[in-house]
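Peer 1: The following file, start.cif, comprises mmCIF, C-alpha atoms:
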```
data_upload
loop_
_atom_site.group_PDB
_atom_site.id
_atom_site.type_symbol
_atom_site.label_atom_id
_atom_site.label_comp_id
_atom_site.auth_asym_id
_atom_site.auth_seq_id
_atom_site.Cartn_x
_atom_site.Cartn_y
_atom_site.Cartn_z
ATOM 1 C CA MET A 5 79.821 86.042 101.880
ATOM 2 C CA LEU A 6 82.331 85.421 104.674
ATOM 3 C CA ALA A 7 81.631 82.349 106.768
ATOM 4 C CA ALA A 8 80.716 82.764 110.430
ATOM 5 C CA PRO A 9 83.604 82.824 112.897
ATOM 6 C CA ALA A 10 84.597 79.683 114.713
ATOM 7 C CA GLN A 11 82.646 78.783 117.852
ATOM 8 C CA GLY A 12 82.662 76.084 120.513
ATOM 9 C CA GLN A 13 84.894 73.168 119.528
ATOM 10 C CA THR A 14 85.442 74.601 116.059
ATOM 11 C CA LEU A 15 88.872 76.095 115.474
ATOM 12 C CA ARG A 16 89.559 78.584 112.692
ATOM 13 C CA LEU A 17 93.146 78.569 111.448
ATOM 14 C CA ALA A 18 94.464 81.160 109.013
ATOM 15 C CA THR A 19 97.672 82.061 107.239
ATOM 16 C CA TRP A 20 98.504 85.233 105.350
ATOM 17 C CA ASP A 21 101.304 87.408 104.100
ATOM 18 C CA PRO A 22 99.813 90.788 105.092
ATOM 19 C CA GLY A 23 102.618 92.853 103.583
ATOM 20 C CA LEU A 24 103.760 94.135 106.976
ATOM 21 C CA THR A 25 107.364 94.572 105.931
ATOM 22 C CA ARG A 26 109.341 97.719 105.298
ATOM 23 C CA ASP A 27 112.705 98.787 103.844
ATOM 24 C CA GLY A 28 114.511 99.190 107.150
ATOM 25 C CA PRO A 29 114.400 98.174 110.825
ATOM 26 C CA GLY A 30 111.917 100.052 112.979
ATOM 27 C CA LEU A 31 109.905 101.392 110.053
ATOM 28 C CA LEU A 32 107.030 98.950 110.515
ATOM 29 C CA LEU A 33 106.596 100.004 114.156
ATOM 30 C CA ARG A 34 106.680 103.625 113.017
ATOM 31 C CA ASP A 35 103.910 102.970 110.494
ATOM 32 C CA ILE A 36 101.787 101.054 112.996
ATOM 33 C CA GLU A 37 102.024 103.930 115.451
ATOM 34 C CA ARG A 38 101.146 106.394 112.665
ATOM 35 C CA ASP A 39 97.976 104.463 111.712
ATOM 36 C CA ASP A 40 99.350 103.778 108.241
ATOM 37 C CA PRO A 41 96.411 102.924 105.918
ATOM 38 C CA GLN A 42 98.001 99.675 104.712
ATOM 39 C CA VAL A 43 98.581 98.529 108.283
ATOM 40 C CA LEU A 44 95.014 99.418 109.281
ATOM 41 C CA ALA A 45 93.700 97.533 106.247
ATOM 42 C CA ALA A 46 95.617 94.411 107.290
ATOM 43 C CA ALA A 47 94.164 94.604 110.794
ATOM 44 C CA GLN A 48 90.667 95.129 109.370
ATOM 45 C CA VAL A 49 90.949 92.010 107.212
ATOM 46 C CA ILE A 50 92.056 89.806 110.109
ATOM 47 C CA ALA A 51 89.411 91.204 112.463
ATOM 48 C CA ALA A 52 86.714 90.540 109.858
ATOM 49 C CA LEU A 53 87.743 86.895 109.511
ATOM 50 C CA ARG A 54 88.097 86.369 113.288
ATOM 51 C CA PRO A 55 90.602 83.472 113.270
ATOM 52 C CA ASP A 56 91.436 81.616 116.443
ATOM 53 C CA ALA A 57 95.053 81.463 115.314
ATOM 54 C CA ILE A 58 96.787 83.104 112.371
ATOM 55 C CA LEU A 59 100.288 82.676 110.999
ATOM 56 C CA LEU A 60 101.550 85.895 109.434
ATOM 57 C CA THR A 61 104.280 85.150 106.883
ATOM 58 C CA GLY A 62 105.327 88.729 106.160
ATOM 59 C CA LEU A 63 105.866 90.803 109.312
ATOM 60 C CA ASP A 64 109.171 92.431 110.259
ATOM 61 C CA TRP A 65 110.708 90.917 113.396
ATOM 62 C CA ASP A 66 112.413 93.026 116.037
ATOM 63 C CA LEU A 67 114.271 91.876 119.114
ATOM 64 C CA ASP A 68 111.750 93.170 121.646
ATOM 65 C CA GLY A 69 108.666 92.196 119.647
ATOM 66 C CA ARG A 70 107.412 95.776 119.638
ATOM 67 C CA ALA A 71 105.971 95.753 116.126
ATOM 68 C CA LEU A 72 104.046 92.527 116.713
ATOM 69 C CA ALA A 73 102.757 93.781 120.076
ATOM 70 C CA ALA A 74 101.622 97.043 118.499
ATOM 71 C CA PHE A 75 99.854 95.180 115.698
ATOM 72 C CA ALA A 76 98.161 92.900 118.240
ATOM 73 C CA ASP A 77 96.925 96.035 120.008
ATOM 74 C CA LEU A 78 95.361 97.166 116.712
ATOM 75 C CA LEU A 79 93.507 93.872 116.430
ATOM 76 C CA LYS A 80 92.297 94.199 120.008
ATOM 77 C CA ALA A 81 91.063 97.723 119.283
ATOM 78 C CA GLN A 82 89.109 96.306 116.337
ATOM 79 C CA GLY A 83 87.391 93.825 118.626
ATOM 80 C CA HIS A 84 89.456 90.719 117.951
ATOM 81 C CA PRO A 85 92.051 90.163 120.676
ATOM 82 C CA LEU A 86 94.665 87.463 120.038
ATOM 83 C CA PRO A 87 96.677 87.636 123.270
ATOM 84 C CA HIS A 88 99.093 84.756 122.695
ATOM 85 C CA ARG A 89 101.906 85.194 120.205
ATOM 86 C CA HIS A 90 105.211 83.821 119.026
ATOM 87 C CA ALA A 91 107.793 85.448 116.773
ATOM 88 C CA GLY A 92 111.246 83.948 117.132
ATOM 89 C CA PRO A 93 114.116 85.415 115.118
ATOM 90 C CA PRO A 94 113.943 84.318 111.463
ATOM 91 C CA ASN A 95 116.827 83.631 109.097
ATOM 92 C CA ARG A 96 115.878 86.494 106.822
ATOM 93 C CA GLY A 97 118.554 89.162 106.747
ATOM 94 C CA VAL A 98 120.925 87.265 109.073
ATOM 95 C CA GLN A 99 124.265 87.660 107.332
ATOM 96 C CA THR A 100 126.513 84.616 106.873
ATOM 97 C CA GLY A 101 129.716 86.559 106.285
ATOM 98 C CA HIS A 102 130.129 84.803 102.940
ATOM 99 C CA ASP A 103 129.411 85.617 99.309
ATOM 100 C CA LEU A 104 126.667 83.011 98.949
ATOM 101 C CA ASP A 105 125.446 84.061 95.519
ATOM 102 C CA GLY A 106 128.910 84.406 94.020
ATOM 103 C CA ASP A 107 128.552 87.975 92.816
ATOM 104 C CA GLY A 108 131.883 89.021 94.325
ATOM 105 C CA ARG A 109 130.348 90.941 97.232
ATOM 106 C CA ALA A 110 129.483 89.703 100.708
ATOM 107 C CA GLY A 111 126.948 91.341 103.020
ATOM 108 C CA GLN A 112 124.211 91.700 100.403
ATOM 109 C CA PRO A 113 120.577 90.519 100.881
ATOM 110 C CA ARG A 114 121.244 87.283 98.964
ATOM 111 C CA ASP A 115 124.227 86.536 101.211
ATOM 112 C CA ALA A 116 122.030 86.250 104.281
ATOM 113 C CA GLN A 117 120.687 82.958 105.619
ATOM 114 C CA GLY A 118 117.399 84.028 104.047
ATOM 115 C CA TYR A 119 116.930 86.911 101.662
ATOM 116 C CA GLY A 120 116.644 90.179 103.542
ATOM 117 C CA ALA A 121 118.064 93.668 103.676
ATOM 118 C CA PHE A 122 118.146 93.590 107.485
ATOM 119 C CA THR A 123 117.796 91.035 110.245
ATOM 120 C CA GLY A 124 114.174 90.019 110.629
ATOM 121 C CA GLN A 125 112.802 91.557 107.445
ATOM 122 C CA SER A 126 109.538 89.848 106.464
ATOM 123 C CA GLY A 127 109.628 87.304 109.270
ATOM 124 C CA LEU A 128 106.986 84.975 110.694
ATOM 125 C CA ALA A 129 104.603 85.608 113.574
ATOM 126 C CA LEU A 130 101.798 83.607 115.149
ATOM 127 C CA LEU A 131 98.874 85.295 116.912
ATOM 128 C CA SER A 132 96.449 83.076 118.798
ATOM 129 C CA ARG A 133 93.365 83.166 120.979
ATOM 130 C CA LEU A 134 94.509 79.845 122.460
ATOM 131 C CA PRO A 135 97.558 79.464 124.717
ATOM 132 C CA ILE A 136 100.816 78.247 123.186
ATOM 133 C CA ALA A 137 101.955 75.119 124.999
ATOM 134 C CA SER A 138 105.369 74.787 123.371
ATOM 135 C CA VAL A 139 107.489 75.788 120.397
ATOM 136 C CA THR A 140 110.114 73.596 118.760
ATOM 137 C CA ASP A 141 112.304 75.805 116.587
ATOM 138 C CA HIS A 142 114.110 74.169 113.650
ATOM 139 C CA THR A 143 115.211 77.471 112.102
ATOM 140 C CA ALA A 144 118.937 76.910 112.706
ATOM 141 C CA VAL A 145 119.087 73.455 111.055
ATOM 142 C CA LEU A 146 121.824 73.348 108.416
ATOM 143 C CA TRP A 147 120.650 72.483 104.930
ATOM 144 C CA ARG A 148 123.363 69.826 104.572
ATOM 145 C CA ASP A 149 122.053 68.023 107.688
ATOM 146 C CA MET A 150 118.627 67.352 106.201
ATOM 147 C CA PRO A 151 118.382 63.701 105.072
ATOM 148 C CA GLY A 152 117.970 63.413 101.316
ATOM 149 C CA HIS A 153 118.586 67.108 100.726
ATOM 150 C CA ARG A 154 119.039 68.615 97.266
ATOM 151 C CA MET A 155 121.555 71.255 98.288
ATOM 152 C CA PRO A 156 123.861 72.085 95.360
ATOM 153 C CA ASP A 157 127.567 71.551 95.848
ATOM 154 C CA GLY A 158 129.347 74.684 96.981
ATOM 155 C CA PRO A 159 131.915 76.094 99.380
ATOM 156 C CA HIS A 160 129.484 77.291 102.062
ATOM 157 C CA ALA A 161 127.667 74.092 103.088
ATOM 158 C CA ASP A 162 128.976 74.452 106.625
ATOM 159 C CA VAL A 163 127.043 77.693 107.207
ATOM 160 C CA GLN A 164 123.932 77.591 104.981
ATOM 161 C CA ARG A 165 120.741 76.926 106.907
ATOM 162 C CA LEU A 166 117.754 75.187 105.337
ATOM 163 C CA SER A 167 115.051 77.656 106.376
ATOM 164 C CA SER A 168 114.903 80.820 104.334
ATOM 165 C CA SER A 169 112.689 82.238 107.085
ATOM 166 C CA ALA A 170 111.802 79.731 109.820
ATOM 167 C CA HIS A 171 110.447 76.269 110.613
ATOM 168 C CA TRP A 172 108.434 76.104 113.844
ATOM 169 C CA ASP A 173 106.387 73.341 115.472
ATOM 170 C CA ILE A 174 103.948 75.348 117.599
ATOM 171 C CA ALA A 175 101.673 73.356 119.910
ATOM 172 C CA LEU A 176 98.418 75.143 120.696
ATOM 173 C CA THR A 177 96.416 74.199 123.788
ATOM 174 C CA THR A 178 92.882 73.378 122.630
ATOM 175 C CA PRO A 179 89.912 71.895 124.529
ATOM 176 C CA ALA A 180 90.552 68.642 122.648
ATOM 177 C CA GLY A 181 94.269 68.556 123.434
ATOM 178 C CA PRO A 182 97.371 69.900 121.694
ATOM 179 C CA LEU A 183 97.277 70.864 118.036
ATOM 180 C CA HIS A 184 100.665 71.265 116.366
ATOM 181 C CA LEU A 185 101.057 73.958 113.731
ATOM 182 C CA LEU A 186 103.992 73.130 111.460
ATOM 183 C CA ALA A 187 104.738 76.668 110.356
ATOM 184 C CA MET A 188 107.012 77.862 107.566
ATOM 185 C CA ALA A 189 107.572 80.382 104.786
ATOM 186 C CA ALA A 190 109.687 79.015 101.948
ATOM 187 C CA THR A 191 111.875 80.805 99.444
ATOM 188 C CA PRO A 192 110.332 81.256 95.995
ATOM 189 C CA PRO A 193 111.705 78.806 93.408
ATOM 190 C CA ALA A 194 113.101 81.699 91.382
ATOM 191 C CA PHE A 195 115.828 84.385 91.271
ATOM 192 C CA GLU A 196 118.709 81.992 92.028
ATOM 193 C CA PRO A 197 119.456 78.484 90.663
ATOM 194 C CA ARG A 198 119.622 76.983 94.163
ATOM 195 C CA ASN A 199 116.164 78.246 95.098
ATOM 196 C CA ILE A 200 114.249 75.466 93.321
ATOM 197 C CA ALA A 201 116.087 72.889 95.422
ATOM 198 C CA ARG A 202 115.727 74.923 98.604
ATOM 199 C CA ASN A 203 112.004 75.498 98.078
ATOM 200 C CA HIS A 204 111.546 71.740 97.626
ATOM 201 C CA ASP A 205 113.567 70.848 100.712
ATOM 202 C CA GLU A 206 111.877 73.420 102.949
ATOM 203 C CA ALA A 207 108.551 71.674 102.361
ATOM 204 C CA ALA A 208 110.071 68.169 102.454
ATOM 205 C CA PHE A 209 111.607 68.894 105.880
ATOM 206 C CA TRP A 210 108.275 68.279 107.590
ATOM 207 C CA LEU A 211 108.042 64.741 106.205
ATOM 208 C CA ASP A 212 110.680 63.711 108.762
ATOM 209 C CA HIS A 213 109.247 65.841 111.588
ATOM 210 C CA LEU A 214 105.542 65.002 111.750
ATOM 211 C CA PRO A 215 104.408 64.876 115.394
ATOM 212 C CA ASP A 216 102.590 61.914 116.871
ATOM 213 C CA ALA A 217 99.631 64.202 117.557
ATOM 214 C CA PRO A 218 97.053 66.210 115.584
ATOM 215 C CA PHE A 219 98.802 68.729 113.319
ATOM 216 C CA ALA A 220 98.454 71.032 110.355
ATOM 217 C CA VAL A 221 101.164 72.195 107.962
ATOM 218 C CA ILE A 222 100.600 75.923 107.606
ATOM 219 C CA GLY A 223 102.189 78.843 105.828
ATOM 220 C CA ASN A 224 103.677 80.087 102.599
ATOM 221 C CA LEU A 225 105.035 77.127 100.634
ATOM 222 C CA ASN A 226 105.679 79.509 97.720
ATOM 223 C CA LEU A 227 104.810 76.784 95.217
ATOM 224 C CA ASP A 228 101.868 76.289 92.897
ATOM 225 C CA PRO A 229 101.265 72.590 92.165
ATOM 226 C CA VAL A 230 100.334 73.266 88.533
ATOM 227 C CA ASP A 231 101.444 76.706 87.347
ATOM 228 C CA GLY A 232 104.642 78.694 87.795
ATOM 229 C CA ASP A 233 108.124 77.417 88.555
ATOM 230 C CA GLY A 234 109.333 74.915 91.097
ATOM 231 C CA ASP A 235 109.297 71.204 91.820
ATOM 232 C CA PRO A 236 105.973 70.047 93.334
ATOM 233 C CA ALA A 237 107.315 66.651 94.474
ATOM 234 C CA ALA A 238 107.603 67.625 98.167
ATOM 235 C CA LEU A 239 104.130 69.178 98.131
ATOM 236 C CA ALA A 240 102.758 65.960 96.633
ATOM 237 C CA ALA A 241 104.464 63.957 99.386
ATOM 238 C CA LEU A 242 102.965 66.224 102.052
ATOM 239 C CA LEU A 243 99.526 65.810 100.509
ATOM 240 C CA ALA A 244 99.928 62.054 100.842
ATOM 241 C CA VAL A 245 100.090 62.367 104.646
ATOM 242 C CA THR A 246 97.674 65.291 105.086
ATOM 243 C CA GLN A 247 94.437 66.457 103.480
ATOM 244 C CA ASP A 248 93.909 69.393 101.157
ATOM 245 C CA PRO A 249 90.707 71.308 101.943
ATOM 246 C CA GLU A 250 91.232 73.213 98.670
ATOM 247 C CA PRO A 251 90.227 76.641 100.041
ATOM 248 C CA ARG A 252 88.525 78.667 97.338
ATOM 249 C CA GLY A 253 88.046 82.363 96.803
ATOM 250 C CA ALA A 254 84.651 83.907 96.192
ATOM 251 C CA TRP A 255 85.961 85.833 93.182
ATOM 252 C CA GLN A 256 88.855 85.822 90.769
ATOM 253 C CA PRO A 257 89.939 88.488 88.282
ATOM 254 C CA PRO A 258 89.570 87.778 84.553
ATOM 255 C CA GLN A 259 91.936 85.024 83.481
ATOM 256 C CA THR A 260 93.707 87.058 80.826
ATOM 257 C CA GLY A 261 97.262 88.330 80.326
ATOM 258 C CA PRO A 262 99.758 86.252 82.366
ATOM 259 C CA ASN A 263 96.907 84.029 83.608
ATOM 260 C CA ALA A 264 95.599 83.088 80.179
ATOM 261 C CA ASP A 265 97.615 79.869 79.824
ATOM 262 C CA HIS A 266 97.261 78.636 83.395
ATOM 263 C CA GLN A 267 96.151 75.064 83.952
ATOM 264 C CA GLY A 268 95.211 75.307 87.641
ATOM 265 C CA ASP A 269 91.836 76.255 89.097
ATOM 266 C CA PRO A 270 91.962 80.054 89.591
ATOM 267 C CA ALA A 271 89.625 79.799 92.588
ATOM 268 C CA LEU A 272 92.521 78.230 94.526
ATOM 269 C CA ASP A 273 94.947 81.094 93.844
ATOM 270 C CA THR A 274 96.254 82.997 96.849
ATOM 271 C CA ALA A 275 98.675 85.448 95.232
ATOM 272 C CA GLU A 276 97.896 88.149 92.670
ATOM 273 C CA TYR A 277 100.501 89.188 90.097
ATOM 274 C CA ASP A 278 99.906 91.370 87.044
ATOM 275 C CA ARG A 279 103.076 90.040 85.403
ATOM 276 C CA PRO A 280 104.341 86.530 84.588
ATOM 277 C CA PRO A 281 103.860 84.003 86.068
ATOM 278 C CA GLY A 282 100.460 85.496 86.986
ATOM 279 C CA ASN A 283 98.235 84.533 89.913
ATOM 280 C CA LEU A 284 99.333 81.449 91.847
ATOM 281 C CA ARG A 285 98.372 79.188 94.715
ATOM 282 C CA LEU A 286 101.218 79.671 97.211
ATOM 283 C CA ASP A 287 99.680 79.598 100.715
ATOM 284 C CA TYR A 288 98.408 76.440 102.404
ATOM 285 C CA ILE A 289 96.793 74.914 105.456
ATOM 286 C CA LEU A 290 97.080 71.122 105.255
ATOM 287 C CA PRO A 291 95.474 69.385 108.264
ATOM 288 C CA ALA A 292 96.447 65.864 109.271
ATOM 289 C CA GLN A 293 94.243 63.156 107.815
ATOM 290 C CA GLY A 294 92.549 62.426 111.137
ATOM 291 C CA LEU A 295 91.202 65.962 111.571
ATOM 292 C CA ARG A 296 87.714 66.892 110.418
ATOM 293 C CA VAL A 297 87.530 69.912 108.130
ATOM 294 C CA ILE A 298 84.253 71.835 108.279
ATOM 295 C CA ASP A 299 84.933 74.664 105.866
ATOM 296 C CA ALA A 300 87.749 76.520 104.137
ATOM 297 C CA GLY A 301 88.276 79.520 101.920
ATOM 298 C CA VAL A 302 90.519 82.160 100.375
ATOM 299 C CA LEU A 303 89.548 85.687 101.336
ATOM 300 C CA TRP A 304 89.321 87.218 97.858
ATOM 301 C CA PRO A 305 86.102 89.268 97.751
ATOM 302 C CA ALA A 306 84.520 90.622 94.591
ATOM 303 C CA PRO A 307 84.765 94.329 93.774
ATOM 304 C CA GLY A 308 82.029 96.114 95.642
ATOM 305 C CA ASP A 309 82.190 93.792 98.628
ATOM 306 C CA PRO A 310 82.576 95.830 101.858
ATOM 307 C CA LEU A 311 85.921 94.153 102.543
ATOM 308 C CA ALA A 312 87.328 94.293 98.994
ATOM 309 C CA GLU A 313 89.089 97.633 99.384
ATOM 310 C CA ALA A 314 90.902 96.592 102.559
ATOM 311 C CA VAL A 315 91.964 93.247 101.050
ATOM 312 C CA ALA A 316 93.374 94.980 97.977
ATOM 313 C CA LEU A 317 95.141 97.695 99.964
ATOM 314 C CA ALA A 318 96.751 95.366 102.482
ATOM 315 C CA SER A 319 98.585 92.890 100.271
ATOM 316 C CA HIS A 320 98.788 91.161 96.905
ATOM 317 C CA ARG A 321 98.545 87.897 98.858
ATOM 318 C CA LYS A 322 95.172 86.593 100.005
ATOM 319 C CA LEU A 323 94.336 85.197 103.421
ATOM 320 C CA VAL A 324 93.644 81.440 103.605
ATOM 321 C CA TRP A 325 91.467 79.954 106.342
ATOM 322 C CA VAL A 326 90.305 76.498 107.441
ATOM 323 C CA ASP A 327 87.751 75.548 110.085
ATOM 324 C CA LEU A 328 88.409 72.319 112.017
ATOM 325 C CA ASP A 329 85.998 70.345 114.214
ATOM 326 C CA LEU A 330 87.938 69.333 117.311
ATOM 327 C CA GLU A 331 85.162 67.332 118.966
#
```
Please re-express this file's structure in structure tokens.
Peer 2:
Amino acid sequence: MLAAPAQGQTLRLATWDPGLTRDGPGLLLRDIERDDPQVLAAAQVIAALRPDAILLTGLDWDLDGRALAAFADLLKAQGHPLPHRHAGPPNRGVQTGHDLDGDGRAGQPRDAQGYGAFTGQSGLALLSRLPIASVTDHTAVLWRDMPGHRMPDGPHADVQRLSSSAHWDIALTTPAGPLHLLAMAATPPAFEPRNIARNHDEAAFWLDHLPDAPFAVIGNLNLDPVDGDGDPAALAALLAVTQDPEPRGAWQPPQTGPNADHQGDPALDTAEYDRPPGNLRLDYILPAQGLRVIDAGVLWPAPGDPLAEAVALASHRKLVWVDLDLE
């Protein structure tokens, strides 16, 4: 059963990759305006959870913000207005002009600052009930300029940015004062040799940028601490300065096939794959140690639940939520 929505001094944060990305620019807006079933399912899921603020880690960005505005209108029509939003340009699809992956061809998706077939594909967006006081955007930081980075040697260090999508410090105005959301969506530690190092460094970046104020690291870290590929050292370091509410789903599919040899708790999984490496925990909300967590969960309903069909239709990723007591 879904927990009650946040009230009073309780703040409900959420993060989710809702699958609101398409194969070309403008196609997401087209589908929103056509009442595409997958888009409507994503809106239904968010409206059912009723977050006070949600970071979407898979929504195509456009210069005028038309797709995000149209999706916000869908949420309002479903009875859950989130009037404040931020969606700066991500690195995904922004071409570097270089052959970054060394395949002999420039201008391909892997030659962009972050993987993408067009500028803004599968970007980040924040929707909030609370006003946004400020945004500090670290998206343009060069990978080589990060202290202690693991960037492999190569000829393009002078152009390669750290963020595969974006790094934002978004300060929300709450009744208890500002709350900083340290938002990100990291590259998966797969597909290219450099991606393990980049995935690690994208998470480790926040260790040198923690605000002197209440905060929560939020988004798609694209790393399971136990199963799958990747180096969990940066995640472990983040957990040393935050707290892990360990959001759990109400249901998990049978742990067979690619899940059979997993060592992690399947209730913590947030991504569903029917091929290796199987289901993984990839999405996180890690509040600062001084914040009081009331409840947390992964929105993964059992078959037959009224929301199960919409959750399955919207995305293979599952929404993660955390309730904080700000009093």
Peer 1: In Å, with one decimal, what is the gap from atom CA of A:Ile289 to atom CA of A:Leu32?
Peer 2: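 Interatomic distance here is 26.6 Å.
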Peer 1: For A:Gln259, which residue among A:Gln117, A:Ile298, A:Thr246, A:Gly282 is the nearest when counting only C-alpha atoms?
Peer 2: A:Gly282
Peer 1: Can you list every residue of stretch 145-258 of chain A that has an atom at most 7 Å from stretch 118-141 of chain A, with its nearest atom pair and the distance in Å to one decimal, using only C-alpha atoms, ordered by chain then number, as a tab-separated table?
Peer 2:
```
residue	atom	partner	partner_atom	distance
A:Ser168	CA	A:Gly118	CA	4.1
A:Ser169	CA	A:Gly118	CA	5.9
A:His171	CA	A:Asp141	CA	6.3
A:Trp172	CA	A:Asp141	CA	4.8
A:Asp173	CA	A:Thr140	CA	5.0
A:Ile174	CA	A:Val139	CA	4.5
A:Ala175	CA	A:Ser138	CA	5.3
A:Leu176	CA	A:Ile136	CA	4.6
A:Thr177	CA	A:Pro135	CA	5.5
A:Thr178	CA	A:Leu134	CA	6.7
```
Peer 1: Could you check the closest approach to A:Val245 for each of A:Leu79, A:Ala300, A:Ala292, A:Val230 and tell me which residue wins, using all atoms listed in the file?
Peer 2: A:Ala292
Peer 1: Quick one: apply the PyMOL selection byres ((chain A and resi 65) around 12) to the file and drop the selected residues here as a PyMOL selection string.
Peer 2: chain A and resi 24-26+28-33+60-64+66-73+75+90-98+120+122-130+169-170
Peer 1: So which residues get picked by the PyMOL selection byres ((chain A and resi 150) around 10) here, written as JSON, numbers by chain?
Peer 2: {"A": [145, 146, 147, 148, 149, 151, 152, 153, 154, 155, 165, 166, 205, 206, 208, 209, 212]}
Peer 1: Which residues match the PyMOL selection byres ((chain A and resi 235) around 9) in the file above, as a list of chain:residue names?
Peer 2: A:Pro193, A:Ile200, A:Ala201, A:Asn203, A:His204, A:Leu227, A:Pro229, A:Asp233, A:Gly234, A:Pro236, A:Ala237, A:Ala238, A:Leu239
Peer 1: What gap, in Å, lies between atom CA of A:Leu286 and atom CA of A:Pro258?
Peer 2: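 That distance, rounded to one decimal, is 19.0 Å.
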Peer 1: I want to know what sits within 10 Å of A:Arg252, based on only C-alpha atoms, with residues of the same chain fewer than 6 positions away left out; could you give that as a PDB file with C-alpha atoms, in the frame of the given file?
Peer 2:
```pdb
ATOM      1  CA  ASP A 269      91.836  76.255  89.097  1.00  0.00           C
ATOM      2  CA  PRO A 270      91.962  80.054  89.591  1.00  0.00           C
ATOM      3  CA  ALA A 271      89.625  79.799  92.588  1.00  0.00           C
ATOM      4  CA  LEU A 272      92.521  78.230  94.526  1.00  0.00           C
ATOM      5  CA  ASP A 273      94.947  81.094  93.844  1.00  0.00           C
ATOM      6  CA  THR A 274      96.254  82.997  96.849  1.00  0.00           C
ATOM      7  CA  ALA A 300      87.749  76.520 104.137  1.00  0.00           C
ATOM      8  CA  GLY A 301      88.276  79.520 101.920  1.00  0.00           C
ATOM      9  CA  VAL A 302      90.519  82.160 100.375  1.00  0.00           C
ATOM     10  CA  LEU A 303      89.548  85.687 101.336  1.00  0.00           C
ATOM     11  CA  TRP A 304      89.321  87.218  97.858  1.00  0.00           C
ATOM     12  CA  VAL A 324      93.644  81.440 103.605  1.00  0.00           C
ATOM     13  CA  TRP A 325      91.467  79.954 106.342  1.00  0.00           C
TER      14      TRP A 325
END
```
Peer 1: Could you tell me which of A:Glu250, A:Ala217, A:Gln256, A:Gln267 comes closest to A:Gly294 if we count all atoms listed in the file?
Peer 2: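 Using all atoms listed in the file, A:Gly294 sits closest to A:Ala217.
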Peer 1: Kindly indicate which residue among A:His184, A:Asp107, A:Leu211, A:Gln99 lies nearest to A:Ala241, using only C-alpha atoms for the distances.
Peer 2: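 Result for the nearest residue to A:Ala241: A:Leu211.
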Peer 1: Identify which of the residues A:Ala314, A:Leu330, A:Asp287, A:Ala116 lies closest to A:Ala52, counting all atoms listed in the file when measuring atom-to-atom distances.
Peer 2: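 So, comparing all the options, the nearest one is A:Ala314.
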Peer 1: Quick one: distance from atom CA of A:Ala240 to atom CA of A:Asp228 in Å, one decimal?
Peer 2: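 Going from atom CA of A:Ala240 over to atom CA of A:Asp228 covers 11.0 Å.
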Peer 1: Nearest to A:Leu186 among A:Asn283, A:Leu290, A:Asp103, A:Asp216, with distances taken over all atoms listed in the file: which residue is it?
Peer 2: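 Between A:Asn283, A:Leu290, A:Asp103, A:Asp216, the residue approaching A:Leu186 most closely is A:Leu290.
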Peer 1: Step by step, gather every atom of stretch 276-287 of chain A that the file lists, find the box along x, y and z that holds them, add 5 Å on each side, and finally give centre and edge lengths in Å to one decimal, as AutoDock Vina command-line options.
Peer 2:
```
--center_x 101.1 --center_y 85.3 --center_z 92.7 --size_x 16.4 --size_y 22.2 --size_z 26.1
```
